[in-house]
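Chemist: Data file my_file-v3.pdb (PDB, N, CA and C atoms) is appended below.
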```pdb
ATOM      1  N   MET U   1       0.817  -1.183   0.000
ATOM      2  CA  MET U   1       0.000   0.000   0.000
ATOM      3  C   MET U   1       0.869   1.258   0.000
ATOM      4  N   ALA U   2       1.896   1.278   0.830
ATOM      5  CA  ALA U   2       2.753   2.464   0.911
ATOM      6  C   ALA U   2       3.420   2.748  -0.428
ATOM      7  N   ILE U   3       3.772   1.706  -1.137
ATOM      8  CA  ILE U   3       4.475   1.878  -2.400
ATOM      9  C   ILE U   3       3.556   2.476  -3.452
ATOM     10  N   THR U   4       2.358   1.937  -3.593
ATOM     11  CA  THR U   4       1.455   2.405  -4.650
ATOM     12  C   THR U   4       0.703   3.671  -4.265
ATOM     13  N   GLN U   5       0.222   3.756  -3.046
ATOM     14  CA  GLN U   5      -0.608   4.894  -2.654
ATOM     15  C   GLN U   5       0.206   6.147  -2.361
ATOM     16  N   PHE U   6       1.411   5.984  -1.822
ATOM     17  CA  PHE U   6       2.176   7.148  -1.378
ATOM     18  C   PHE U   6       3.482   7.358  -2.141
ATOM     19  N   ASP U   7       3.679   6.637  -3.238
ATOM     20  CA  ASP U   7       4.911   6.771  -4.023
ATOM     21  C   ASP U   7       6.138   6.634  -3.104
ATOM     22  N   TYR U   8       6.152   5.537  -2.377
ATOM     23  CA  TYR U   8       7.118   5.273  -1.308
ATOM     24  C   TYR U   8       8.561   5.573  -1.697
ATOM     25  N   PHE U   9       8.977   5.193  -2.893
ATOM     26  CA  PHE U   9      10.382   5.326  -3.269
ATOM     27  C   PHE U   9      10.785   6.766  -3.572
ATOM     28  N   ASN U  10       9.821   7.649  -3.688
ATOM     29  CA  ASN U  10      10.144   9.059  -3.909
ATOM     30  C   ASN U  10       9.979   9.892  -2.634
ATOM     31  N   LEU U  11       9.719   9.257  -1.508
ATOM     32  CA  LEU U  11       9.611   9.952  -0.235
ATOM     33  C   LEU U  11      10.996  10.129   0.390
ATOM     34  N   SER U  12      11.096  11.093   1.263
ATOM     35  CA  SER U  12      12.351  11.274   2.007
ATOM     36  C   SER U  12      12.458  10.181   3.064
ATOM     37  N   ASP U  13      13.647  10.028   3.629
ATOM     38  CA  ASP U  13      13.842   9.026   4.686
ATOM     39  C   ASP U  13      12.919   9.309   5.865
ATOM     40  N   ALA U  14      12.783  10.574   6.230
ATOM     41  CA  ALA U  14      11.916  10.934   7.359
ATOM     42  C   ALA U  14      10.461  10.579   7.056
ATOM     43  N   GLU U  15      10.021  10.838   5.827
ATOM     44  CA  GLU U  15       8.639  10.499   5.455
ATOM     45  C   GLU U  15       8.418   8.987   5.463
ATOM     46  N   ARG U  16       9.405   8.240   5.037
ATOM     47  CA  ARG U  16       9.285   6.780   5.058
ATOM     48  C   ARG U  16       9.197   6.252   6.485
ATOM     49  N   LEU U  17      10.030   6.812   7.356
ATOM     50  CA  LEU U  17      10.041   6.357   8.752
ATOM     51  C   LEU U  17       8.745   6.718   9.476
ATOM     52  N   ALA U  18       7.993   7.686   8.957
ATOM     53  CA  ALA U  18       6.739   8.096   9.593
ATOM     54  C   ALA U  18       5.637   7.060   9.421
ATOM     55  N   PHE U  19       5.765   6.169   8.460
ATOM     56  CA  PHE U  19       4.770   5.105   8.287
ATOM     57  C   PHE U  19       4.785   4.203   9.520
ATOM     58  N   PRO U  20       3.627   3.595   9.849
ATOM     59  CA  PRO U  20       3.596   2.683  10.998
ATOM     60  C   PRO U  20       4.624   1.547  10.877
ATOM     61  N   THR U  21       4.886   1.113   9.689
ATOM     62  CA  THR U  21       5.864   0.036   9.482
ATOM     63  C   THR U  21       7.188   0.590   8.958
ATOM     64  N   GLY U  22       7.401   1.874   9.121
ATOM     65  CA  GLY U  22       8.591   2.530   8.586
ATOM     66  C   GLY U  22       9.905   1.942   9.061
ATOM     67  N   ARG U  23      10.007   1.641  10.340
ATOM     68  CA  ARG U  23      11.248   1.070  10.882
ATOM     69  C   ARG U  23      11.524  -0.302  10.278
ATOM     70  N   GLU U  24      10.489  -1.138  10.219
ATOM     71  CA  GLU U  24      10.663  -2.479   9.644
ATOM     72  C   GLU U  24      11.039  -2.395   8.165
ATOM     73  N   MET U  25      10.424  -1.445   7.452
ATOM     74  CA  MET U  25      10.739  -1.281   6.033
ATOM     75  C   MET U  25      12.173  -0.789   5.851
ATOM     76  N   ALA U  26      12.629   0.066   6.762
ATOM     77  CA  ALA U  26      14.007   0.563   6.689
ATOM     78  C   ALA U  26      14.998  -0.576   6.920
ATOM     79  N   VAL U  27      14.690  -1.464   7.852
ATOM     80  CA  VAL U  27      15.558  -2.619   8.116
ATOM     81  C   VAL U  27      15.593  -3.529   6.888
ATOM     82  N   ALA U  28      14.428  -3.777   6.285
ATOM     83  CA  ALA U  28      14.368  -4.622   5.085
ATOM     84  C   ALA U  28      15.136  -3.976   3.936
ATOM     85  N   ASP U  29      15.006  -2.669   3.782
ATOM     86  CA  ASP U  29      15.717  -1.958   2.723
ATOM     87  C   ASP U  29      17.230  -2.048   2.928
ATOM     88  N   ALA U  30      17.671  -1.875   4.167
ATOM     89  CA  ALA U  30      19.108  -1.968   4.461
ATOM     90  C   ALA U  30      19.628  -3.367   4.165
ATOM     91  N   GLU U  31      18.844  -4.385   4.496
ATOM     92  CA  GLU U  31      19.268  -5.766   4.225
ATOM     93  C   GLU U  31      19.329  -6.030   2.724
ATOM     94  N   CYS U  32      18.379  -5.509   1.973
ATOM     95  CA  CYS U  32      18.410  -5.672   0.512
ATOM     96  C   CYS U  32      19.656  -5.017  -0.082
ATOM     97  N   ARG U  33      19.999  -3.855   0.410
ATOM     98  CA  ARG U  33      21.208  -3.176  -0.073
ATOM     99  C   ARG U  33      22.463  -3.983   0.278
ATOM    100  N   ARG U  34      22.500  -4.523   1.503
ATOM    101  CA  ARG U  34      23.648  -5.333   1.919
ATOM    102  C   ARG U  34      23.771  -6.569   1.045
ATOM    103  N   LEU U  35      22.653  -7.222   0.774
ATOM    104  CA  LEU U  35      22.678  -8.422  -0.058
ATOM    105  C   LEU U  35      23.084  -8.112  -1.492
ATOM    106  N   HIS U  36      22.703  -6.946  -1.993
ATOM    107  CA  HIS U  36      23.100  -6.552  -3.350
ATOM    108  C   HIS U  36      24.625  -6.416  -3.436
ATOM    109  N   VAL U  37      25.211  -5.797  -2.425
ATOM    110  CA  VAL U  37      26.669  -5.639  -2.397
ATOM    111  C   VAL U  37      27.347  -7.004  -2.272
ATOM    112  N   ALA U  38      26.801  -7.870  -1.412
ATOM    113  CA  ALA U  38      27.380  -9.208  -1.222
ATOM    114  C   ALA U  38      27.275 -10.024  -2.503
ATOM    115  N   ARG U  39      26.141  -9.934  -3.203
ATOM    116  CA  ARG U  39      25.950 -10.651  -4.468
ATOM    117  C   ARG U  39      26.969 -10.182  -5.500
ATOM    118  N   LYS U  40      27.136  -8.873  -5.571
ATOM    119  CA  LYS U  40      28.087  -8.316  -6.535
ATOM    120  C   LYS U  40      29.508  -8.801  -6.243
ATOM    121  N   ALA U  41      29.873  -8.837  -4.974
ATOM    122  CA  ALA U  41      31.206  -9.309  -4.576
ATOM    123  C   ALA U  41      31.371 -10.794  -4.885
ATOM    124  N   ALA U  42      30.318 -11.574  -4.681
ATOM    125  CA  ALA U  42      30.403 -13.016  -4.940
ATOM    126  C   ALA U  42      30.495 -13.317  -6.436
ATOM    127  N   LEU U  43      29.847 -12.521  -7.257
ATOM    128  CA  LEU U  43      29.874 -12.757  -8.704
ATOM    129  C   LEU U  43      31.143 -12.232  -9.377
ATOM    130  N   ALA U  44      31.827 -11.295  -8.741
ATOM    131  CA  ALA U  44      33.008 -10.678  -9.355
ATOM    132  C   ALA U  44      34.034 -11.705  -9.826
ATOM    133  N   PRO U  45      34.453 -12.676  -8.995
ATOM    134  CA  PRO U  45      35.435 -13.648  -9.493
ATOM    135  C   PRO U  45      34.875 -14.539 -10.598
ATOM    136  N   LEU U  46      33.572 -14.797 -10.556
ATOM    137  CA  LEU U  46      32.974 -15.658 -11.579
ATOM    138  C   LEU U  46      32.911 -14.970 -12.936
ATOM    139  N   GLU U  47      32.849 -13.646 -12.932
ATOM    140  CA  GLU U  47      32.827 -12.903 -14.191
ATOM    141  C   GLU U  47      34.143 -13.071 -14.941
ATOM    142  N   LYS U  48      35.232 -13.350 -14.214
ATOM    143  CA  LYS U  48      36.554 -13.508 -14.826
ATOM    144  C   LYS U  48      36.905 -14.968 -15.088
ATOM    145  N   ALA U  49      36.176 -15.869 -14.466
ATOM    146  CA  ALA U  49      36.496 -17.300 -14.566
ATOM    147  C   ALA U  49      36.203 -17.853 -15.954
ATOM    148  N   LYS U  50      37.067 -18.763 -16.391
ATOM    149  CA  LYS U  50      36.849 -19.484 -17.645
ATOM    150  C   LYS U  50      36.578 -20.937 -17.287
ATOM    151  N   PRO U  51      35.572 -21.537 -17.907
ATOM    152  CA  PRO U  51      35.292 -22.944 -17.589
ATOM    153  C   PRO U  51      36.413 -23.856 -18.048
ATOM    154  N   GLU U  52      36.696 -24.861 -17.226
ATOM    155  CA  GLU U  52      37.716 -25.851 -17.557
ATOM    156  C   GLU U  52      37.121 -27.242 -17.698
ATOM    157  N   SER U  53      35.833 -27.362 -17.442
ATOM    158  CA  SER U  53      35.154 -28.654 -17.566
ATOM    159  C   SER U  53      33.692 -28.407 -17.931
ATOM    160  N   ALA U  54      33.029 -29.478 -18.330
ATOM    161  CA  ALA U  54      31.607 -29.370 -18.639
ATOM    162  C   ALA U  54      30.834 -28.938 -17.400
ATOM    163  N   GLN U  55      31.260 -29.399 -16.228
ATOM    164  CA  GLN U  55      30.595 -29.010 -14.991
ATOM    165  C   GLN U  55      30.726 -27.495 -14.754
ATOM    166  N   ASP U  56      31.886 -26.937 -15.059
ATOM    167  CA  ASP U  56      32.066 -25.493 -14.938
ATOM    168  C   ASP U  56      31.122 -24.757 -15.884
ATOM    169  N   ALA U  57      30.994 -25.258 -17.105
ATOM    170  CA  ALA U  57      30.108 -24.633 -18.085
ATOM    171  C   ALA U  57      28.662 -24.688 -17.614
ATOM    172  N   VAL U  58      28.260 -25.819 -17.066
ATOM    173  CA  VAL U  58      26.898 -25.954 -16.540
ATOM    174  C   VAL U  58      26.694 -24.995 -15.368
ATOM    175  N   ALA U  59      27.692 -24.831 -14.529
ATOM    176  CA  ALA U  59      27.583 -23.889 -13.412
ATOM    177  C   ALA U  59      27.381 -22.468 -13.925
ATOM    178  N   LEU U  60      28.105 -22.086 -14.976
ATOM    179  CA  LEU U  60      27.924 -20.757 -15.558
ATOM    180  C   LEU U  60      26.512 -20.592 -16.120
ATOM    181  N   LEU U  61      25.995 -21.644 -16.754
ATOM    182  CA  LEU U  61      24.628 -21.582 -17.274
ATOM    183  C   LEU U  61      23.612 -21.486 -16.140
ATOM    184  N   SER U  62      23.896 -22.136 -15.036
ATOM    185  CA  SER U  62      23.018 -22.048 -13.865
ATOM    186  C   SER U  62      22.997 -20.623 -13.312
ATOM    187  N   ILE U  63      24.157 -19.997 -13.249
ATOM    188  CA  ILE U  63      24.227 -18.610 -12.799
ATOM    189  C   ILE U  63      23.425 -17.723 -13.740
ATOM    190  N   ALA U  64      23.610 -17.923 -15.036
ATOM    191  CA  ALA U  64      22.879 -17.135 -16.030
ATOM    192  C   ALA U  64      21.370 -17.302 -15.857
ATOM    193  N   TYR U  65      20.937 -18.533 -15.648
ATOM    194  CA  TYR U  65      19.513 -18.798 -15.459
ATOM    195  C   TYR U  65      18.971 -18.028 -14.260
ATOM    196  N   HIS U  66      19.681 -18.083 -13.146
ATOM    197  CA  HIS U  66      19.207 -17.395 -11.942
ATOM    198  C   HIS U  66      19.197 -15.882 -12.127
ATOM    199  N   ILE U  67      20.184 -15.360 -12.823
ATOM    200  CA  ILE U  67      20.205 -13.920 -13.091
ATOM    201  C   ILE U  67      19.001 -13.532 -13.933
ATOM    202  N   LEU U  68      18.716 -14.300 -14.973
ATOM    203  CA  LEU U  68      17.584 -13.987 -15.842
ATOM    204  C   LEU U  68      16.245 -14.159 -15.129
ATOM    205  N   LYS U  69      16.104 -15.216 -14.365
ATOM    206  CA  LYS U  69      14.824 -15.516 -13.724
ATOM    207  C   LYS U  69      14.522 -14.600 -12.544
ATOM    208  N   PHE U  70      15.523 -14.329 -11.714
ATOM    209  CA  PHE U  70      15.259 -13.629 -10.472
ATOM    210  C   PHE U  70      15.739 -12.180 -10.432
ATOM    211  N   GLU U  71      16.641 -11.801 -11.317
ATOM    212  CA  GLU U  71      17.230 -10.474 -11.197
ATOM    213  C   GLU U  71      17.073  -9.604 -12.436
ATOM    214  N   GLU U  72      16.717 -10.194 -13.549
ATOM    215  CA  GLU U  72      16.614  -9.467 -14.808
ATOM    216  C   GLU U  72      17.918  -8.735 -15.133
ATOM    217  N   GLY U  73      19.035  -9.375 -14.803
ATOM    218  CA  GLY U  73      20.344  -8.774 -15.050
ATOM    219  C   GLY U  73      20.972  -9.309 -16.322
ATOM    220  N   ASP U  74      22.220  -8.957 -16.523
ATOM    221  CA  ASP U  74      22.949  -9.350 -17.723
ATOM    222  C   ASP U  74      23.586 -10.722 -17.530
ATOM    223  N   ALA U  75      23.009 -11.710 -18.145
ATOM    224  CA  ALA U  75      23.505 -13.078 -18.033
ATOM    225  C   ALA U  75      24.353 -13.486 -19.233
ATOM    226  N   TRP U  76      24.395 -12.663 -20.248
ATOM    227  CA  TRP U  76      25.064 -13.032 -21.489
ATOM    228  C   TRP U  76      26.526 -13.435 -21.300
ATOM    229  N   PRO U  77      27.341 -12.751 -20.505
ATOM    230  CA  PRO U  77      28.741 -13.177 -20.361
ATOM    231  C   PRO U  77      28.881 -14.623 -19.885
ATOM    232  N   TYR U  78      28.009 -15.055 -18.982
ATOM    233  CA  TYR U  78      28.070 -16.429 -18.483
ATOM    234  C   TYR U  78      27.672 -17.429 -19.568
ATOM    235  N   VAL U  79      26.631 -17.102 -20.317
ATOM    236  CA  VAL U  79      26.186 -17.975 -21.411
ATOM    237  C   VAL U  79      27.272 -18.063 -22.475
ATOM    238  N   GLN U  80      27.870 -16.944 -22.811
ATOM    239  CA  GLN U  80      28.902 -16.910 -23.847
ATOM    240  C   GLN U  80      30.122 -17.750 -23.456
ATOM    241  N   LYS U  81      30.558 -17.655 -22.206
ATOM    242  CA  LYS U  81      31.704 -18.456 -21.757
ATOM    243  C   LYS U  81      31.380 -19.945 -21.803
ATOM    244  N   ALA U  82      30.187 -20.302 -21.333
ATOM    245  CA  ALA U  82      29.788 -21.711 -21.345
ATOM    246  C   ALA U  82      29.688 -22.222 -22.780
ATOM    247  N   TRP U  83      29.082 -21.430 -23.656
ATOM    248  CA  TRP U  83      28.931 -21.842 -25.052
ATOM    249  C   TRP U  83      30.285 -22.015 -25.728
ATOM    250  N   SER U  84      31.173 -21.072 -25.500
ATOM    251  CA  SER U  84      32.506 -21.171 -26.104
ATOM    252  C   SER U  84      33.202 -22.449 -25.669
ATOM    253  N   PHE U  85      33.140 -22.747 -24.376
ATOM    254  CA  PHE U  85      33.784 -23.956 -23.876
ATOM    255  C   PHE U  85      33.145 -25.200 -24.474
ATOM    256  N   LEU U  86      31.821 -25.288 -24.395
ATOM    257  CA  LEU U  86      31.126 -26.492 -24.862
ATOM    258  C   LEU U  86      31.269 -26.688 -26.371
ATOM    259  N   SER U  87      31.337 -25.613 -27.118
ATOM    260  CA  SER U  87      31.440 -25.762 -28.568
ATOM    261  C   SER U  87      32.826 -26.212 -29.015
ATOM    262  N   GLU U  88      33.830 -26.046 -28.155
ATOM    263  CA  GLU U  88      35.193 -26.427 -28.524
ATOM    264  C   GLU U  88      35.703 -27.665 -27.789
ATOM    265  N   SER U  89      35.014 -28.093 -26.762
ATOM    266  CA  SER U  89      35.540 -29.188 -25.945
ATOM    267  C   SER U  89      35.072 -30.555 -26.429
ATOM    268  N   ARG U  90      35.773 -31.561 -25.934
ATOM    269  CA  ARG U  90      35.470 -32.949 -26.289
ATOM    270  C   ARG U  90      35.388 -33.795 -25.027
ATOM    271  N   CYS U  91      34.682 -34.887 -25.120
ATOM    272  CA  CYS U  91      34.568 -35.829 -24.014
ATOM    273  C   CYS U  91      35.953 -36.398 -23.713
ATOM    274  N   PRO U  92      36.389 -36.345 -22.462
ATOM    275  CA  PRO U  92      37.709 -36.881 -22.145
ATOM    276  C   PRO U  92      37.788 -38.401 -22.310
ATOM    277  N   GLY U  93      36.653 -39.079 -22.255
ATOM    278  CA  GLY U  93      36.652 -40.541 -22.380
ATOM    279  C   GLY U  93      36.731 -41.020 -23.820
ATOM    280  N   CYS U  94      35.871 -40.467 -24.683
ATOM    281  CA  CYS U  94      35.808 -40.984 -26.051
ATOM    282  C   CYS U  94      36.281 -39.991 -27.107
ATOM    283  N   GLY U  95      36.465 -38.732 -26.736
ATOM    284  CA  GLY U  95      36.947 -37.732 -27.679
ATOM    285  C   GLY U  95      35.860 -37.096 -28.533
ATOM    286  N   ALA U  96      34.607 -37.514 -28.354
ATOM    287  CA  ALA U  96      33.510 -36.933 -29.134
ATOM    288  C   ALA U  96      33.257 -35.491 -28.686
ATOM    289  N   THR U  97      32.784 -34.678 -29.618
ATOM    290  CA  THR U  97      32.441 -33.307 -29.260
ATOM    291  C   THR U  97      31.202 -33.308 -28.373
ATOM    292  N   HIS U  98      31.106 -32.309 -27.540
ATOM    293  CA  HIS U  98      29.939 -32.194 -26.665
ATOM    294  C   HIS U  98      28.705 -31.769 -27.452
ATOM    295  N   LEU U  99      28.910 -31.075 -28.551
ATOM    296  CA  LEU U  99      27.788 -30.640 -29.379
ATOM    297  C   LEU U  99      27.621 -31.586 -30.561
ATOM    298  N   PRO U 100      26.384 -31.859 -30.939
ATOM    299  CA  PRO U 100      26.167 -32.737 -32.093
ATOM    300  C   PRO U 100      26.734 -32.141 -33.366
ATOM    301  N   GLU U 101      27.103 -33.005 -34.303
ATOM    302  CA  GLU U 101      27.594 -32.539 -35.605
ATOM    303  C   GLU U 101      26.535 -31.667 -36.265
ATOM    304  N   GLY U 102      26.992 -30.642 -36.927
ATOM    305  CA  GLY U 102      26.086 -29.737 -37.612
ATOM    306  C   GLY U 102      25.519 -28.643 -36.716
ATOM    307  N   PHE U 103      25.763 -28.729 -35.424
ATOM    308  CA  PHE U 103      25.282 -27.707 -34.492
ATOM    309  C   PHE U 103      26.148 -26.479 -34.657
ATOM    310  N   PRO U 104      25.576 -25.287 -34.720
ATOM    311  CA  PRO U 104      26.403 -24.082 -34.911
ATOM    312  C   PRO U 104      27.404 -23.898 -33.777
ATOM    313  N   ARG U 105      28.618 -23.564 -34.139
ATOM    314  CA  ARG U 105      29.671 -23.381 -33.126
ATOM    315  C   ARG U 105      30.124 -21.950 -33.075
TER     316      ARG U 105
END
```
Spit out the file's structure as structure tokens when you get a sec.
Modeler:
Amino acid sequence: MAITQFDYFNLSDAERLAFPTGREMAVADAECRRLHVARKAALAPLEKAKPESAQDAVALLSIAYHILKFEEGDAWPYVQKAWSFLSESRCPGCGATHLPEGFPR
């Protein structure tokens, strides 16, 4: 209600705190900001990582999926790294490519 009826995000801090649930909302907002910083710090090394196995590539695709589904962020770098690895790699057991013949590389 506060968000839609009172344009909550355009209110001053004092106006936000004046709501009956203002203190609780301020705590939730602070936690969201903290988690955003923690998420950014956790993803930083992964943005530079190159996959060395199919499992690494799948992990990058999993990260991309979560970014797209829950954050609407930029997942393309993770997809691109996974695709590059999978399109060039081969099964260590039999030597077959991970992608079927004729699949665009």
Chemist: What does the PyMOL selection byres (((chain U and resi 51-59 and name CA) around 7) and name CA) select in this file, as a VMD selection string?
Modeler: chain U and resid 49 to 50 60 to 63 82 85 to 86
Chemist: As an exercise, work out the distance from atom CA of Glu72 of chain U to atom CA of Arg33 of chain U in Å and give it to one decimal place.
Modeler: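 Pair atom CA of Glu72 of chain U / atom CA of Arg33 of chain U returns 16.7 Å.
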Chemist: To one decimal place, how far is atom C of Lys40 of chain U from atom CA of Trp83 of chain U in Å?
Modeler: 22.9 Å
Chemist: Quick one: pull the distance between atom CA of Thr21 of chain U and atom N of Val37 of chain U, Å, one decimal.
Modeler: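 Taking atom CA of Thr21 of chain U and atom N of Val37 of chain U, their separation equals 23.5 Å.
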Chemist: Could you write out, as a short mmCIF file (atom, residue, chain, number, x, y, z; two decimals) with N, CA and C atoms, in the coordinates of the input, all the residues of segment 3-100 of chain U that DSSP marks as alpha helix (DSSP H)?
Modeler:
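part23.cif, freshly written:
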```
data_model
loop_
_atom_site.label_atom_id
_atom_site.label_comp_id
_atom_site.auth_asym_id
_atom_site.auth_seq_id
_atom_site.Cartn_x
_atom_site.Cartn_y
_atom_site.Cartn_z
N ILE U 3 3.77 1.71 -1.14
CA ILE U 3 4.47 1.88 -2.40
C ILE U 3 3.56 2.48 -3.45
N THR U 4 2.36 1.94 -3.59
CA THR U 4 1.46 2.40 -4.65
C THR U 4 0.70 3.67 -4.26
N GLN U 5 0.22 3.76 -3.05
CA GLN U 5 -0.61 4.89 -2.65
C GLN U 5 0.21 6.15 -2.36
N PHE U 6 1.41 5.98 -1.82
CA PHE U 6 2.18 7.15 -1.38
C PHE U 6 3.48 7.36 -2.14
N ASP U 13 13.65 10.03 3.63
CA ASP U 13 13.84 9.03 4.69
C ASP U 13 12.92 9.31 5.86
N ALA U 14 12.78 10.57 6.23
CA ALA U 14 11.92 10.93 7.36
C ALA U 14 10.46 10.58 7.06
N GLU U 15 10.02 10.84 5.83
CA GLU U 15 8.64 10.50 5.46
C GLU U 15 8.42 8.99 5.46
N ARG U 16 9.40 8.24 5.04
CA ARG U 16 9.28 6.78 5.06
C ARG U 16 9.20 6.25 6.48
N LEU U 17 10.03 6.81 7.36
CA LEU U 17 10.04 6.36 8.75
C LEU U 17 8.74 6.72 9.48
N GLY U 22 7.40 1.87 9.12
CA GLY U 22 8.59 2.53 8.59
C GLY U 22 9.90 1.94 9.06
N ARG U 23 10.01 1.64 10.34
CA ARG U 23 11.25 1.07 10.88
C ARG U 23 11.52 -0.30 10.28
N GLU U 24 10.49 -1.14 10.22
CA GLU U 24 10.66 -2.48 9.64
C GLU U 24 11.04 -2.40 8.16
N MET U 25 10.42 -1.44 7.45
CA MET U 25 10.74 -1.28 6.03
C MET U 25 12.17 -0.79 5.85
N ALA U 26 12.63 0.07 6.76
CA ALA U 26 14.01 0.56 6.69
C ALA U 26 15.00 -0.58 6.92
N VAL U 27 14.69 -1.46 7.85
CA VAL U 27 15.56 -2.62 8.12
C VAL U 27 15.59 -3.53 6.89
N ALA U 28 14.43 -3.78 6.28
CA ALA U 28 14.37 -4.62 5.08
C ALA U 28 15.14 -3.98 3.94
N ASP U 29 15.01 -2.67 3.78
CA ASP U 29 15.72 -1.96 2.72
C ASP U 29 17.23 -2.05 2.93
N ALA U 30 17.67 -1.88 4.17
CA ALA U 30 19.11 -1.97 4.46
C ALA U 30 19.63 -3.37 4.16
N GLU U 31 18.84 -4.38 4.50
CA GLU U 31 19.27 -5.77 4.22
C GLU U 31 19.33 -6.03 2.72
N CYS U 32 18.38 -5.51 1.97
CA CYS U 32 18.41 -5.67 0.51
C CYS U 32 19.66 -5.02 -0.08
N ARG U 33 20.00 -3.86 0.41
CA ARG U 33 21.21 -3.18 -0.07
C ARG U 33 22.46 -3.98 0.28
N ARG U 34 22.50 -4.52 1.50
CA ARG U 34 23.65 -5.33 1.92
C ARG U 34 23.77 -6.57 1.04
N LEU U 35 22.65 -7.22 0.77
CA LEU U 35 22.68 -8.42 -0.06
C LEU U 35 23.08 -8.11 -1.49
N HIS U 36 22.70 -6.95 -1.99
CA HIS U 36 23.10 -6.55 -3.35
C HIS U 36 24.62 -6.42 -3.44
N VAL U 37 25.21 -5.80 -2.42
CA VAL U 37 26.67 -5.64 -2.40
C VAL U 37 27.35 -7.00 -2.27
N ALA U 38 26.80 -7.87 -1.41
CA ALA U 38 27.38 -9.21 -1.22
C ALA U 38 27.28 -10.02 -2.50
N ARG U 39 26.14 -9.93 -3.20
CA ARG U 39 25.95 -10.65 -4.47
C ARG U 39 26.97 -10.18 -5.50
N LYS U 40 27.14 -8.87 -5.57
CA LYS U 40 28.09 -8.32 -6.54
C LYS U 40 29.51 -8.80 -6.24
N ALA U 41 29.87 -8.84 -4.97
CA ALA U 41 31.21 -9.31 -4.58
C ALA U 41 31.37 -10.79 -4.88
N ALA U 42 30.32 -11.57 -4.68
CA ALA U 42 30.40 -13.02 -4.94
C ALA U 42 30.50 -13.32 -6.44
N LEU U 43 29.85 -12.52 -7.26
CA LEU U 43 29.87 -12.76 -8.70
C LEU U 43 31.14 -12.23 -9.38
N ALA U 44 31.83 -11.30 -8.74
CA ALA U 44 33.01 -10.68 -9.36
C ALA U 44 34.03 -11.70 -9.83
N PRO U 45 34.45 -12.68 -8.99
CA PRO U 45 35.44 -13.65 -9.49
C PRO U 45 34.88 -14.54 -10.60
N LEU U 46 33.57 -14.80 -10.56
CA LEU U 46 32.97 -15.66 -11.58
C LEU U 46 32.91 -14.97 -12.94
N GLU U 47 32.85 -13.65 -12.93
CA GLU U 47 32.83 -12.90 -14.19
C GLU U 47 34.14 -13.07 -14.94
N LYS U 48 35.23 -13.35 -14.21
CA LYS U 48 36.55 -13.51 -14.83
C LYS U 48 36.90 -14.97 -15.09
N ALA U 54 33.03 -29.48 -18.33
CA ALA U 54 31.61 -29.37 -18.64
C ALA U 54 30.83 -28.94 -17.40
N GLN U 55 31.26 -29.40 -16.23
CA GLN U 55 30.60 -29.01 -14.99
C GLN U 55 30.73 -27.50 -14.75
N ASP U 56 31.89 -26.94 -15.06
CA ASP U 56 32.07 -25.49 -14.94
C ASP U 56 31.12 -24.76 -15.88
N ALA U 57 30.99 -25.26 -17.10
CA ALA U 57 30.11 -24.63 -18.08
C ALA U 57 28.66 -24.69 -17.61
N VAL U 58 28.26 -25.82 -17.07
CA VAL U 58 26.90 -25.95 -16.54
C VAL U 58 26.69 -25.00 -15.37
N ALA U 59 27.69 -24.83 -14.53
CA ALA U 59 27.58 -23.89 -13.41
C ALA U 59 27.38 -22.47 -13.92
N LEU U 60 28.10 -22.09 -14.98
CA LEU U 60 27.92 -20.76 -15.56
C LEU U 60 26.51 -20.59 -16.12
N LEU U 61 26.00 -21.64 -16.75
CA LEU U 61 24.63 -21.58 -17.27
C LEU U 61 23.61 -21.49 -16.14
N SER U 62 23.90 -22.14 -15.04
CA SER U 62 23.02 -22.05 -13.86
C SER U 62 23.00 -20.62 -13.31
N ILE U 63 24.16 -20.00 -13.25
CA ILE U 63 24.23 -18.61 -12.80
C ILE U 63 23.42 -17.72 -13.74
N ALA U 64 23.61 -17.92 -15.04
CA ALA U 64 22.88 -17.14 -16.03
C ALA U 64 21.37 -17.30 -15.86
N TYR U 65 20.94 -18.53 -15.65
CA TYR U 65 19.51 -18.80 -15.46
C TYR U 65 18.97 -18.03 -14.26
N HIS U 66 19.68 -18.08 -13.15
CA HIS U 66 19.21 -17.40 -11.94
C HIS U 66 19.20 -15.88 -12.13
N TRP U 76 24.40 -12.66 -20.25
CA TRP U 76 25.06 -13.03 -21.49
C TRP U 76 26.53 -13.44 -21.30
N PRO U 77 27.34 -12.75 -20.50
CA PRO U 77 28.74 -13.18 -20.36
C PRO U 77 28.88 -14.62 -19.89
N TYR U 78 28.01 -15.06 -18.98
CA TYR U 78 28.07 -16.43 -18.48
C TYR U 78 27.67 -17.43 -19.57
N VAL U 79 26.63 -17.10 -20.32
CA VAL U 79 26.19 -17.98 -21.41
C VAL U 79 27.27 -18.06 -22.48
N GLN U 80 27.87 -16.94 -22.81
CA GLN U 80 28.90 -16.91 -23.85
C GLN U 80 30.12 -17.75 -23.46
N LYS U 81 30.56 -17.66 -22.21
CA LYS U 81 31.70 -18.46 -21.76
C LYS U 81 31.38 -19.94 -21.80
N ALA U 82 30.19 -20.30 -21.33
CA ALA U 82 29.79 -21.71 -21.34
C ALA U 82 29.69 -22.22 -22.78
N TRP U 83 29.08 -21.43 -23.66
CA TRP U 83 28.93 -21.84 -25.05
C TRP U 83 30.28 -22.02 -25.73
N SER U 84 31.17 -21.07 -25.50
CA SER U 84 32.51 -21.17 -26.10
C SER U 84 33.20 -22.45 -25.67
N PHE U 85 33.14 -22.75 -24.38
CA PHE U 85 33.78 -23.96 -23.88
C PHE U 85 33.15 -25.20 -24.47
N LEU U 86 31.82 -25.29 -24.40
CA LEU U 86 31.13 -26.49 -24.86
C LEU U 86 31.27 -26.69 -26.37
N SER U 87 31.34 -25.61 -27.12
CA SER U 87 31.44 -25.76 -28.57
C SER U 87 32.83 -26.21 -29.02
N GLU U 88 33.83 -26.05 -28.16
CA GLU U 88 35.19 -26.43 -28.52
C GLU U 88 35.70 -27.66 -27.79
#
```
